[in-house]
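Shown here: coords18.txt, compact mmCIF, C-alpha atoms.
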# COMPACT_ATOMS: atom_id res chain seq x y z
CA MET A 1 -5.13 7.52 21.07
CA ASP A 2 -7.95 5.02 20.69
CA LEU A 3 -8.73 5.02 16.98
CA GLY A 4 -11.88 2.96 17.44
CA LEU A 5 -10.67 0.10 15.26
CA LYS A 6 -11.21 -2.74 17.72
CA ASP A 7 -12.44 -5.87 15.89
CA LYS A 8 -12.70 -4.02 12.58
CA VAL A 9 -11.97 -6.40 9.70
CA ILE A 10 -9.52 -4.81 7.29
CA ILE A 11 -8.05 -6.46 4.19
CA VAL A 12 -4.37 -5.70 3.49
CA THR A 13 -3.01 -6.93 0.17
CA GLY A 14 0.66 -7.79 0.29
CA GLY A 15 0.38 -7.62 4.06
CA SER A 16 3.06 -10.16 4.91
CA LYS A 17 6.19 -8.18 4.00
CA GLY A 18 7.58 -4.66 3.97
CA ILE A 19 5.14 -1.76 4.16
CA GLY A 20 2.14 -4.08 4.06
CA ASN A 21 3.38 -6.00 7.05
CA GLY A 22 3.99 -2.78 8.95
CA ILE A 23 0.37 -1.82 8.24
CA SER A 24 -0.93 -5.23 9.32
CA ARG A 25 1.00 -5.10 12.59
CA GLU A 26 -0.10 -1.55 13.39
CA LEU A 27 -3.73 -2.43 12.75
CA ALA A 28 -3.43 -5.41 15.08
CA LYS A 29 -1.96 -3.17 17.79
CA GLU A 30 -5.09 -1.01 17.49
CA GLY A 31 -7.26 -4.08 18.05
CA ALA A 32 -8.32 -4.47 14.43
CA ILE A 33 -8.24 -7.77 12.55
CA PRO A 34 -5.96 -7.42 9.53
CA VAL A 35 -6.66 -9.94 6.80
CA ILE A 36 -3.35 -10.54 5.04
CA VAL A 37 -3.80 -11.40 1.37
CA GLY A 38 -0.90 -12.73 -0.68
CA ARG A 39 0.32 -15.59 -2.82
CA ASN A 40 3.30 -16.80 -0.77
CA LYS A 41 1.64 -19.11 1.74
CA GLU A 42 4.69 -19.42 3.98
CA ASN A 43 5.15 -15.65 4.29
CA VAL A 44 1.45 -15.02 4.85
CA LEU A 45 1.10 -17.66 7.56
CA ASP A 46 4.29 -16.50 9.25
CA ALA A 47 3.02 -12.91 9.35
CA VAL A 48 -0.29 -14.03 10.89
CA LYS A 49 1.55 -16.17 13.45
CA LYS A 50 3.77 -13.29 14.56
CA ILE A 51 0.80 -10.99 15.05
CA GLU A 52 -0.94 -13.63 17.14
CA GLU A 53 2.21 -14.25 19.18
CA ASP A 54 2.22 -10.53 19.99
CA GLY A 55 -1.34 -10.81 21.31
CA GLY A 56 -3.17 -9.54 18.25
CA LYS A 57 -5.72 -11.04 15.91
CA ALA A 58 -5.22 -11.71 12.21
CA PHE A 59 -6.65 -13.72 9.35
CA HIS A 60 -5.40 -14.62 5.90
CA ALA A 61 -6.44 -15.45 2.37
CA PHE A 62 -4.17 -16.77 -0.35
CA ALA A 63 -4.44 -15.15 -3.76
CA GLU A 64 -2.45 -14.44 -6.89
CA LEU A 65 -3.73 -10.91 -7.24
CA THR A 66 -3.27 -10.76 -11.00
CA ASP A 67 -6.09 -13.34 -11.22
CA PRO A 68 -9.55 -11.73 -10.82
CA GLY A 69 -11.03 -15.05 -9.74
CA GLN A 70 -8.57 -15.35 -6.89
CA CYS A 71 -9.25 -11.75 -5.84
CA LYS A 72 -12.95 -12.58 -5.64
CA ALA A 73 -12.28 -15.79 -3.72
CA ALA A 74 -10.11 -13.93 -1.19
CA VAL A 75 -12.88 -11.42 -0.49
CA GLU A 76 -15.44 -14.21 -0.22
CA ALA A 77 -13.22 -16.01 2.32
CA VAL A 78 -13.27 -12.92 4.51
CA ILE A 79 -17.04 -12.57 4.24
CA ASN A 80 -17.59 -16.26 4.99
CA THR A 81 -15.44 -15.99 8.13
CA TYR A 82 -16.46 -12.62 9.55
CA GLY A 83 -19.58 -11.58 7.66
CA ARG A 84 -18.21 -8.06 7.21
CA ILE A 85 -15.43 -5.93 5.77
CA ASP A 86 -14.67 -2.60 7.42
CA GLY A 87 -11.69 -1.47 5.39
CA LEU A 88 -9.43 -2.24 2.45
CA VAL A 89 -5.75 -1.40 2.05
CA ASN A 90 -4.55 -1.86 -1.52
CA ASN A 91 -0.81 -2.21 -1.07
CA ALA A 92 0.64 -5.08 -3.11
CA GLY A 93 2.88 -4.23 -6.04
CA VAL A 94 6.46 -4.16 -7.27
CA ASN A 95 8.67 -1.69 -9.09
CA ASP A 96 9.37 -4.12 -11.90
CA GLY A 97 11.53 -2.00 -14.20
CA ILE A 98 9.40 -2.22 -17.34
CA GLY A 99 10.80 0.74 -19.23
CA LEU A 100 10.03 2.42 -22.54
CA GLU A 101 13.21 1.80 -24.50
CA ASN A 102 13.84 -1.70 -23.20
CA GLY A 103 10.26 -2.74 -22.46
CA SER A 104 7.56 -4.34 -24.56
CA TYR A 105 3.81 -4.28 -25.06
CA GLU A 106 3.45 -7.55 -23.18
CA GLY A 107 5.69 -6.45 -20.33
CA PHE A 108 3.89 -3.13 -19.96
CA LEU A 109 0.48 -4.79 -19.73
CA GLU A 110 1.84 -7.30 -17.22
CA SER A 111 3.15 -4.44 -15.09
CA ILE A 112 -0.23 -2.69 -15.14
CA ASN A 113 -1.90 -5.96 -14.18
CA ARG A 114 0.66 -6.60 -11.45
CA ASN A 115 0.46 -3.12 -9.97
CA LEU A 116 -2.95 -1.60 -10.70
CA THR A 117 -5.67 -3.98 -11.87
CA HIS A 118 -6.03 -5.77 -8.55
CA TYR A 119 -6.59 -2.43 -6.80
CA TYR A 120 -9.77 -2.19 -8.82
CA MET A 121 -10.73 -5.85 -8.42
CA MET A 122 -10.32 -5.94 -4.64
CA ALA A 123 -12.34 -2.74 -4.22
CA HIS A 124 -15.00 -3.98 -6.63
CA TYR A 125 -15.53 -7.28 -4.80
CA ALA A 126 -15.33 -5.74 -1.32
CA LEU A 127 -17.68 -2.87 -2.14
CA PRO A 128 -21.02 -4.44 -1.05
CA GLN A 129 -19.60 -5.08 2.41
CA LEU A 130 -17.94 -1.67 2.59
CA LYS A 131 -21.29 -0.06 1.77
CA GLU A 132 -22.85 -1.84 4.73
CA SER A 133 -20.07 -0.88 7.14
CA LYS A 134 -19.47 2.60 5.67
CA GLY A 135 -15.87 1.55 5.63
CA ALA A 136 -12.76 3.13 4.16
CA ILE A 137 -10.26 2.39 1.42
CA VAL A 138 -6.60 3.37 1.49
CA ASN A 139 -4.48 2.95 -1.63
CA ILE A 140 -0.70 2.85 -1.29
CA GLY A 141 1.06 4.76 -4.05
CA SER A 142 4.53 5.83 -5.11
CA LYS A 143 6.27 9.11 -5.87
CA THR A 144 7.09 7.74 -9.33
CA ALA A 145 3.65 8.88 -10.51
CA GLU A 146 4.81 12.48 -10.09
CA THR A 147 8.59 12.49 -10.11
CA GLY A 148 9.28 9.70 -12.56
CA GLN A 149 12.31 7.49 -12.06
CA GLY A 150 13.47 6.33 -15.46
CA GLY A 151 13.18 2.80 -16.80
CA THR A 152 9.93 1.97 -15.05
CA SER A 153 7.07 3.05 -17.32
CA GLY A 154 4.69 0.32 -16.17
CA TYR A 155 5.10 1.02 -12.46
CA ALA A 156 4.91 4.80 -12.91
CA ALA A 157 1.76 4.49 -15.03
CA ALA A 158 0.19 2.12 -12.52
CA ASN A 159 0.83 4.57 -9.71
CA GLY A 160 -0.68 7.38 -11.72
CA GLY A 161 -3.70 5.13 -12.06
CA ARG A 162 -3.78 4.50 -8.32
CA ASN A 163 -3.90 8.25 -7.70
CA ALA A 164 -6.64 8.73 -10.27
CA LEU A 165 -8.72 5.87 -8.89
CA THR A 166 -8.40 7.29 -5.38
CA ARG A 167 -10.10 10.51 -6.43
CA GLU A 168 -12.55 8.80 -8.76
CA TRP A 169 -13.71 6.37 -6.07
CA ALA A 170 -13.91 9.13 -3.47
CA ILE A 171 -16.47 10.81 -5.73
CA GLU A 172 -18.38 7.68 -6.72
CA LEU A 173 -18.64 6.42 -3.16
CA LEU A 174 -19.74 9.67 -1.52
CA PRO A 175 -23.39 8.51 -1.36
CA TYR A 176 -22.30 5.52 0.73
CA GLN A 177 -20.08 7.54 3.08
CA ILE A 178 -17.09 5.44 2.08
CA ARG A 179 -13.90 7.48 2.34
CA VAL A 180 -11.05 6.82 -0.09
CA ASN A 181 -7.53 8.18 0.33
CA ALA A 182 -4.01 7.34 -0.78
CA VAL A 183 -0.72 7.32 1.09
CA ILE A 184 2.19 8.09 -1.23
CA VAL A 185 5.57 6.58 -0.42
CA ALA A 186 8.93 7.89 -1.62
CA GLU A 187 11.96 6.26 0.04
CA CYS A 188 11.10 3.51 2.53
CA TYR A 189 13.57 0.72 3.20
CA THR A 190 11.83 -2.59 2.54
CA PRO A 191 13.12 -6.00 1.38
CA LEU A 192 12.29 -4.99 -2.22
CA TYR A 193 14.13 -1.69 -1.77
CA ASP A 194 17.13 -3.56 -0.39
CA ARG A 195 17.14 -5.82 -3.44
CA TRP A 196 17.03 -2.78 -5.73
CA ILE A 197 19.87 -0.97 -3.91
CA LYS A 198 22.08 -4.05 -4.25
CA THR A 199 21.85 -3.83 -8.05
CA PHE A 200 24.19 -0.81 -7.95
CA PRO A 201 28.00 -1.20 -8.06
CA GLU A 202 28.35 0.61 -4.71
CA PRO A 203 25.08 0.00 -2.83
CA GLN A 204 26.03 1.80 0.37
CA LYS A 205 27.20 4.88 -1.51
CA LYS A 206 23.99 4.93 -3.53
CA LEU A 207 21.91 4.60 -0.36
CA GLU A 208 23.74 7.53 1.25
CA GLU A 209 23.16 9.67 -1.85
CA ILE A 210 19.43 9.00 -1.63
CA THR A 211 19.04 9.54 2.10
CA ASN A 212 21.03 12.79 1.90
CA ARG A 213 18.35 14.10 -0.48
CA ILE A 214 15.47 13.46 1.93
CA PRO A 215 14.83 16.90 3.49
CA LEU A 216 13.50 15.85 6.91
CA GLU A 217 16.33 14.36 8.96
CA ASN A 218 18.11 12.90 5.89
CA ARG A 219 16.72 9.45 6.52
CA MET A 220 14.37 6.89 5.05
CA THR A 221 10.71 6.83 5.97
CA THR A 222 9.96 3.78 8.13
CA SER A 223 7.21 1.29 7.41
CA GLU A 224 5.82 2.15 10.87
CA GLU A 225 5.40 5.79 9.82
CA ILE A 226 3.51 4.71 6.71
CA ALA A 227 1.42 2.34 8.81
CA SER A 228 0.48 5.04 11.33
CA MET A 229 -0.94 7.25 8.60
CA VAL A 230 -2.83 4.37 6.99
CA THR A 231 -4.31 3.35 10.33
CA PHE A 232 -5.43 6.92 11.00
CA LEU A 233 -7.08 7.17 7.57
CA LEU A 234 -8.98 3.94 8.18
CA SER A 235 -10.32 5.23 11.46
CA ASN A 236 -13.16 7.62 12.22
CA LYS A 237 -10.59 10.07 13.56
CA SER A 238 -10.20 11.05 9.89
CA SER A 239 -13.96 11.08 9.31
CA HIS A 240 -13.99 14.14 7.02
CA THR A 241 -10.96 13.25 4.91
CA THR A 242 -11.52 11.74 1.47
CA GLY A 243 -10.02 11.94 -2.00
CA GLN A 244 -6.61 12.95 -0.62
CA LEU A 245 -3.13 11.95 -1.72
CA ILE A 246 -1.06 12.15 1.46
CA TYR A 247 2.72 12.10 1.14
CA VAL A 248 4.52 10.42 4.01
CA ASP A 249 8.00 10.98 2.66
CA GLY A 250 9.98 13.43 4.79
CA GLY A 251 9.30 16.13 2.21
CA TYR A 252 11.11 14.22 -0.54
CA THR A 253 8.56 14.73 -3.32
CA HIS A 254 7.65 18.38 -2.91
CA LEU A 255 10.13 20.34 -0.82
CA ASP A 256 12.74 22.46 -2.56
CA ARG A 257 16.04 20.59 -2.94
CA ALA A 258 17.82 23.89 -2.19
CA LEU A 259 17.00 23.10 1.43
CA LEU A 260 19.72 20.47 1.32
CA ASN A 261 22.41 23.13 1.07
CA GLN A 262 21.36 25.02 4.18
Target encoding structure tokens, full file:
Amino acid sequence: MDLGLKDKVIIVTGGSKGIGNGISRELAKEGAIPVIVGRNKENVLDAVKKIEEDGGKAFHAFAELTDPGQCKAAVEAVINTYGRIDGLVNNAGVNDGIGLENGSYEGFLESINRNLTHYYMMAHYALPQLKESKGAIVNIGSKTAETGQGGTSGYAAANGGRNALTREWAIELLPYQIRVNAVIVAECYTPLYDRWIKTFPEPQKKLEEITNRIPLENRMTTSEEIASMVTFLLSNKSSHTTGQLIYVDGGYTHLDRALLNQ
């Protein structure tokens, strides 16, 4: 299916690794120009290089996303190069384990800044260009906003904020025909997920326990499956979809766990 994304300029925060990289690569396959924004210069440049080696187009901007000034500079770099922004994917973040019992005021605020604040800043600075292009925003979220996880108050709160901002922006931006949706991830095997699994005494056993609880096919969601949904939501093929939280999770968040015993 031609999604009509050829030469569309789409910012992807955290687009060099994991889910973000899957999104960047899928956009490039559709002929779009993903702009990978991140702080690790080596990873960002390597991701751009691989897309170009595969015949796609890509651009980059370096930014520490907890710094509003660097968020603004990243958006300005895109405008200076292309003169337009057609879409924004807010993806960067980390489940940083800032809990209630063992956390702190400072740690909680840092987690919110690390996982939520830049969603607002990137959208704020990109908005004038998105108004011109009637573009789209896709926020990546986590099941933790609904299911909880334990020991990760900052990350869970940030994801609740991502969901709330998705619906708030969808309303505020209706006059500009800017669509805003969120893709909610449950269990997707990324480098960060791998690092988390290895903190358990028996990582492989823990991984099997988790995958056995995923209703559809008892397997992890792939980054490509997340990317396909994000790409669709950025395209005009989803032209009447806005304010939605879409769960690409094999039914993990909402389907009855009794299904696992059938």
Between A:Val12, A:Glu30, A:Leu245, A:Val230, single out the one closest to A:Ala164, counting all atoms listed in the file.
-> A:Leu245
Figure out the distance between atom CA of A:Val138 and atom CA of A:Val183, please, to one decimal in Å.
-> 7.1 Å
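The closest residue to A:Gly135, picked from A:Asn212, A:Gln177, A:Asn115, A:Ser238 and counting only C-alpha atoms, is A:Gln177.
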Which residue out of A:Asp67, A:Glu187, A:Glu52, A:Asp46 has the minimum interatomic distance to A:Ser142 when all atoms listed in the file are used?
-> A:Glu187
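Between atom CA of A:Asp249 and atom CA of A:His118 the interatomic distance comes to 24.6 Å.
Nearest residue to A:Gly160 among A:Thr231, A:Pro175, A:Lys143, A:Ala74 is A:Lys143, counting all atoms listed in the file.
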Please tabulate, as JSON lines, the residues of stretch 9-64 of chain A that come within 7 Å of stretch 219-227 of chain A, each with its closest pair of atoms and the distance in Å to one decimal, counting all atoms listed in the file and ordering rows by chain, then residue number upward.
{"residue": "A:Gly18", "atom": "CA", "partner": "A:Ser223", "partner_atom": "CA", "distance": 6.9}
{"residue": "A:Ile19", "atom": "CA", "partner": "A:Ser223", "partner_atom": "CA", "distance": 4.9}
{"residue": "A:Gly22", "atom": "CA", "partner": "A:Ser223", "partner_atom": "CA", "distance": 5.4}
{"residue": "A:Ile23", "atom": "CA", "partner": "A:Ala227", "partner_atom": "CA", "distance": 4.3}
{"residue": "A:Glu26", "atom": "CA", "partner": "A:Ala227", "partner_atom": "CA", "distance": 6.2}
Residues from the last selection, C-alpha atoms, saved as a PDB file, keeping the file's coordinate frame:
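Final output, saved to again_31.pdb:
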ATOM      1  CA  GLY A  18       7.580  -4.660   3.970  1.00  0.00           C
ATOM      2  CA  ILE A  19       5.140  -1.760   4.160  1.00  0.00           C
ATOM      3  CA  GLY A  22       3.990  -2.780   8.950  1.00  0.00           C
ATOM      4  CA  ILE A  23       0.370  -1.820   8.240  1.00  0.00           C
ATOM      5  CA  GLU A  26      -0.100  -1.550  13.390  1.00  0.00           C
TER       6      GLU A  26
END
Return the single residue from A:Ala28, A:Ile184, A:Leu100, A:Ala92 that is closest to A:Thr147, with distances computed using only C-alpha atoms.
-> A:Ile184
Considering all atoms listed in the file, give me a table of residues in stretch 73-137 of chain A that are at most 12 Å from stretch 61-66 of chain A, with the closest atom pair and distance in Å for each, as a tab-separated table.
residue	atom	partner	partner_atom	distance
A:Ala73	CA	A:Ala63	CA	7.9
A:Ala74	CA	A:Ala61	CA	5.3
A:Val75	CA	A:Ala61	CA	8.1
A:Glu76	CA	A:Ala61	CA	9.4
A:Ala77	CA	A:Ala61	CA	6.8
A:Val78	CA	A:Ala61	CA	7.6
A:Ile79	CA	A:Ala61	CA	11.1
A:Asn80	CA	A:Ala61	CA	11.5
A:Thr81	CA	A:Ala61	CA	10.7
A:Asn90	CA	A:Leu65	CA	10.7
A:Asn91	CA	A:Leu65	CA	11.1
A:Ala92	CA	A:Leu65	CA	8.4
A:Gly93	CA	A:Leu65	CA	9.5
A:Leu109	CA	A:Thr66	CA	11.2
A:Glu110	CA	A:Thr66	CA	8.8
A:Ser111	CA	A:Thr66	CA	9.9
A:Ile112	CA	A:Thr66	CA	9.6
A:Asn113	CA	A:Thr66	CA	5.9
A:Arg114	CA	A:Thr66	CA	5.7
A:Asn115	CA	A:Thr66	CA	8.6
A:Leu116	CA	A:Thr66	CA	9.2
A:Thr117	CA	A:Thr66	CA	7.2
A:His118	CA	A:Leu65	CA	5.8
A:Tyr119	CA	A:Leu65	CA	9.0
A:Tyr120	CA	A:Leu65	CA	10.7
A:Met121	CA	A:Leu65	CA	8.7
A:Met122	CA	A:Leu65	CA	8.7
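Using only C-alpha atoms, the nearest neighbour of A:Gly151 within the list A:Tyr82, A:Tyr252, A:Phe108, A:Phe200 is A:Phe108.
The list of residues within 9 Å of (10.1, -4.1, -9.9), counted using all atoms listed in the file, is A:Gly93, A:Val94, A:Asn95, A:Asp96, A:Gly97, A:Ile98, A:Ser111, A:Thr152, A:Tyr155, A:Leu192, A:Trp196.
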Coordinates of box centre and edge lengths for stretch 165-182 of chain A, 3 Å on every side, axis-aligned, as JSON:
{"center_x": -13.7, "center_y": 8.1, "center_z": -2.9, "size_x": 25.4, "size_y": 11.4, "size_z": 18.0}
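We find atom CA of A:His240 and atom CA of A:Gly87 to be spaced 15.9 Å apart.
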Mind checking which residues fall within 12 Å of A:Leu174, counting only C-alpha atoms, ignoring those fewer than 2 positions away in the same chain, and posting them as a list of chain:residue names?
-> A:Lys131, A:Lys134, A:Gly135, A:Ala136, A:Arg167, A:Glu168, A:Trp169, A:Ala170, A:Ile171, A:Glu172, A:Tyr176, A:Gln177, A:Ile178, A:Arg179, A:Val180, A:His240, A:Thr241, A:Thr242, A:Gly243
Env of A:Ile197: 12 Å cut, atoms = all atoms listed in the file, seq-sep filter 3 positions within chain, self excluded. Answer as a short mmCIF file (atom, residue, chain, number, x, y, z; two decimals) with C-alpha atoms, in the coordinates of the input.
data_model
loop_
_atom_site.label_atom_id
_atom_site.label_comp_id
_atom_site.auth_asym_id
_atom_site.auth_seq_id
_atom_site.Cartn_x
_atom_site.Cartn_y
_atom_site.Cartn_z
CA GLU A 187 11.96 6.26 0.04
CA CYS A 188 11.10 3.51 2.53
CA TYR A 189 13.57 0.72 3.20
CA THR A 190 11.83 -2.59 2.54
CA PRO A 191 13.12 -6.00 1.38
CA LEU A 192 12.29 -4.99 -2.22
CA TYR A 193 14.13 -1.69 -1.77
CA ASP A 194 17.13 -3.56 -0.39
CA PHE A 200 24.19 -0.81 -7.95
CA PRO A 201 28.00 -1.20 -8.06
CA GLU A 202 28.35 0.61 -4.71
CA PRO A 203 25.08 0.00 -2.83
CA GLN A 204 26.03 1.80 0.37
CA LYS A 205 27.20 4.88 -1.51
CA LYS A 206 23.99 4.93 -3.53
CA LEU A 207 21.91 4.60 -0.36
CA GLU A 208 23.74 7.53 1.25
CA GLU A 209 23.16 9.67 -1.85
CA ILE A 210 19.43 9.00 -1.63
#
Distance query A:Ala182 at most 8 Å, only C-alpha atoms, self and fewer than 5 positions along chain excluded, as an NGL selection string = :A and (138-141 or 163 or 166 or 243-246)
Keeping only C-alpha atoms, write those residues as a tab-separated table (two decimals), keeping the file's coordinate frame.
chain	number	residue	atom	x	y	z
A	138	VAL	CA	-6.60	3.37	1.49
A	139	ASN	CA	-4.48	2.95	-1.63
A	140	ILE	CA	-0.70	2.85	-1.29
A	141	GLY	CA	1.06	4.76	-4.05
A	163	ASN	CA	-3.90	8.25	-7.70
A	166	THR	CA	-8.40	7.29	-5.38
A	243	GLY	CA	-10.02	11.94	-2.00
A	244	GLN	CA	-6.61	12.95	-0.62
A	245	LEU	CA	-3.13	11.95	-1.72
A	246	ILE	CA	-1.06	12.15	1.46
